[in-house]
Each structure stands twice: as C-alpha cells, then as structure tokens.
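Student: One structure is given below, represented as structure tokens, and several questions about it will come after.
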Amino acid sequence: MLLQPQNIALFFTVALLAVTAYFLLGSIPLLTLKHDNPVDARFIRSFYLTYYKIALTTAVGTTISYALAGRPALAIGACAIAALTLLLRNQFIPKMEQLAPQILANEVAAIPAFRKIHQSAILINTTQLLAILGSLSRV
C-alpha cells in the first residue's frame, strides 16, 4: 500500500510542527542562563545549530511533499520556512560565534547582544510555529 501524497504532506507538516515546538520549548528555559561564559554561549549555539539542521531538513521535506500533493500555496509557505531557517542560521550562528570570545573577555556589550540574538530566535520560532499551526487546517 502506497501512501498518498496528502498523507506524506501531513506527516511532514506534523514533523515540522513537532521540531519547531520542541526546540521552542527547549530554547525558552535557556534564557535563564546568564550568558556570561563561553560554555553557555557554546551550548546555545550548538542548540540552534541542531535546530536549524533538523528544521531545514523537515521544511524541505514538507515543501516537496506539498508540491507532489498538488498544494502549491502550502509548498510555497513551507519553502518560505525553509528559506527563513537557512537565512537565520547564516545570520545568527556567525554572530553567536563572534560574541563568544567577547563574552570571555568580559566585554560589557557582548552579553546583552547575545541575549538579543537568542530572544530574536525565540520570537521568530514562535511565529513559525503559529504559521505551521495555521496551515494544519488547510492540509
């Protein structure tokens, strides 16, 4: 028995929802860290690297499955999430890497800058989660 394209699209949408929700719920408690040492910065950076890899893979799968299911609007939406994920990875991770030695050197502005990146990632992740939830009614 072959799965229908609609079922595969639903599977990938739920997978993308699960990945996004899991990492969102995991990232919020990380705000309690003081971000004042390189270990915190390295952990948060690796957390987001993992998220971006898994989210990108899942979003690409979602895009392809919607395209094969003949749902171009949802395919475009999933493609936008994939593109945004790639953009964020290319923007946030280098900035986090740049701030880590500054945190080690106790530069005053480094910790608030790192926290701002972290908070921005959470806000964007929340927006993505809401977009995915909204698309479930259209699958």
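Just remember, in the structure tokens the first chain shown is A, the second B, etc., residues are 1-based per chain, and ligands are 1-based in the order shown.
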For Ser137 in chain A, find every residue with an atom within 12 Å (counting only C-alpha atoms), except residues of its own chain fewer than 2 positions away, and show them as a list in words.

Tutor: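 Contacts, with the query itself left out: Leu10, Thr13, Val14, Leu74, Leu130, Ala131, Ile132, Leu133, Gly134, Ser135 and Val139 of chain A.
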
Student: If we count only C-alpha atoms and set the cut-off at 9 Å, which residues sit around range 116-126 of chain A, ignoring sequence neighbours fewer than 5 positions away in its own chain? Please answer as a list in words.

Tutor: Thr20, Ala21, Phe23, Leu24, Ser27, Ile28, Leu30, Leu31, Ile44, Tyr48, Leu88, Phe92, Lys95, Met96, Ile111 and Ala131 of chain A

Student: Between A:Ala15, A:Leu99, A:Ala105, A:Ala55, which has the minimum distance to Ala82 in chain A (counting only C-alpha atoms)?

Tutor: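 The closest residue to Ala82 in chain A is A:Ala55.
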
Student: So, with only C-alpha atoms as the atoms that count, which of A:Arg89, A:Arg138, A:Arg115, A:Lys53 lies closest to Thr32 in chain A?

Tutor: A:Arg115

Student: Contacts of Leu16 in chain A at 10 Å or less, counting only C-alpha atoms, minus same-chain residues fewer than 4 places along, as a ChimeraX atom specification?

Tutor: /A:10-12,20-22,54-62,78,81,128-129,132-133

Student: With C-alpha atoms retained, could you export that selection as a PDB file, in the first residue's frame?

Tutor:
```pdb
ATOM      1  CA  LEU A  10       0.521  15.766   6.619  1.00  0.00           C
ATOM      2  CA  PHE A  11       3.333  13.646   8.090  1.00  0.00           C
ATOM      3  CA  PHE A  12       5.967  16.245   7.195  1.00  0.00           C
ATOM      4  CA  THR A  20       9.568  23.683  15.897  1.00  0.00           C
ATOM      5  CA  ALA A  21       7.589  23.232  19.118  1.00  0.00           C
ATOM      6  CA  TYR A  22      10.246  21.042  20.736  1.00  0.00           C
ATOM      7  CA  ILE A  54      16.612  19.466  11.616  1.00  0.00           C
ATOM      8  CA  ALA A  55      14.137  22.254  10.805  1.00  0.00           C
ATOM      9  CA  LEU A  56      15.673  22.837   7.383  1.00  0.00           C
ATOM     10  CA  THR A  57      15.532  19.140   6.531  1.00  0.00           C
ATOM     11  CA  THR A  58      11.939  18.863   7.703  1.00  0.00           C
ATOM     12  CA  ALA A  59      10.855  22.073   5.942  1.00  0.00           C
ATOM     13  CA  VAL A  60      12.393  20.897   2.658  1.00  0.00           C
ATOM     14  CA  GLY A  61      10.565  17.573   3.040  1.00  0.00           C
ATOM     15  CA  THR A  62       7.359  19.473   3.730  1.00  0.00           C
ATOM     16  CA  ALA A  78       6.917  25.546   3.634  1.00  0.00           C
ATOM     17  CA  ILE A  81      10.034  28.459   6.325  1.00  0.00           C
ATOM     18  CA  GLN A 128       6.982  29.931  12.531  1.00  0.00           C
ATOM     19  CA  LEU A 129       5.115  27.689  14.956  1.00  0.00           C
ATOM     20  CA  ILE A 132       2.616  25.870  10.849  1.00  0.00           C
ATOM     21  CA  LEU A 133      -0.376  25.543  13.157  1.00  0.00           C
TER      22      LEU A 133
END
```

Student: Counting only C-alpha atoms, what is within 12 Å of Leu68 in chain A, bar same-chain residues fewer than 4 positions away, as a VMD selection string?

Tutor: chain A and resid 4 to 9 61 to 64 72 74 to 75

Student: Mind pulling up the distance from CA of Lys34 in chain A to CA of Glu97 in chain A?

Tutor: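 Value for the CA of Glu97 in chain A-CA of Lys34 in chain A distance: 16.8 Å.
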
Student: Among chain A, which residues does DSSP mark as helix (DSSP H, G or I) when it is run on the backbone? Keep the chain and numbering as in the structure and answer as JSON, numbers by chain.

Tutor: {"A": [5, 6, 7, 8, 9, 10, 11, 12, 13, 14, 15, 16, 17, 18, 19, 20, 21, 22, 23, 24, 25, 26, 27, 29, 30, 31, 32, 38, 39, 40, 41, 42, 43, 44, 45, 46, 47, 48, 49, 50, 51, 52, 53, 54, 55, 56, 57, 58, 59, 60, 61, 62, 63, 64, 65, 66, 67, 68, 72, 73, 74, 75, 76, 77, 78, 79, 80, 81, 82, 83, 84, 85, 86, 87, 88, 89, 90, 91, 92, 93, 94, 95, 96, 97, 98, 99, 100, 101, 102, 103, 104, 110, 111, 112, 113, 114, 115, 116, 117, 118, 119, 120, 121, 122, 123, 124, 125, 126, 127, 128, 129, 130, 131, 132, 133, 134, 135, 136]}

Student: Separation of CA of Ala73 in chain A and CA of Leu2 in chain A, in Å?

Tutor: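 Atom-to-atom, CA of Ala73 in chain A and CA of Leu2 in chain A are spaced 24.3 Å apart.
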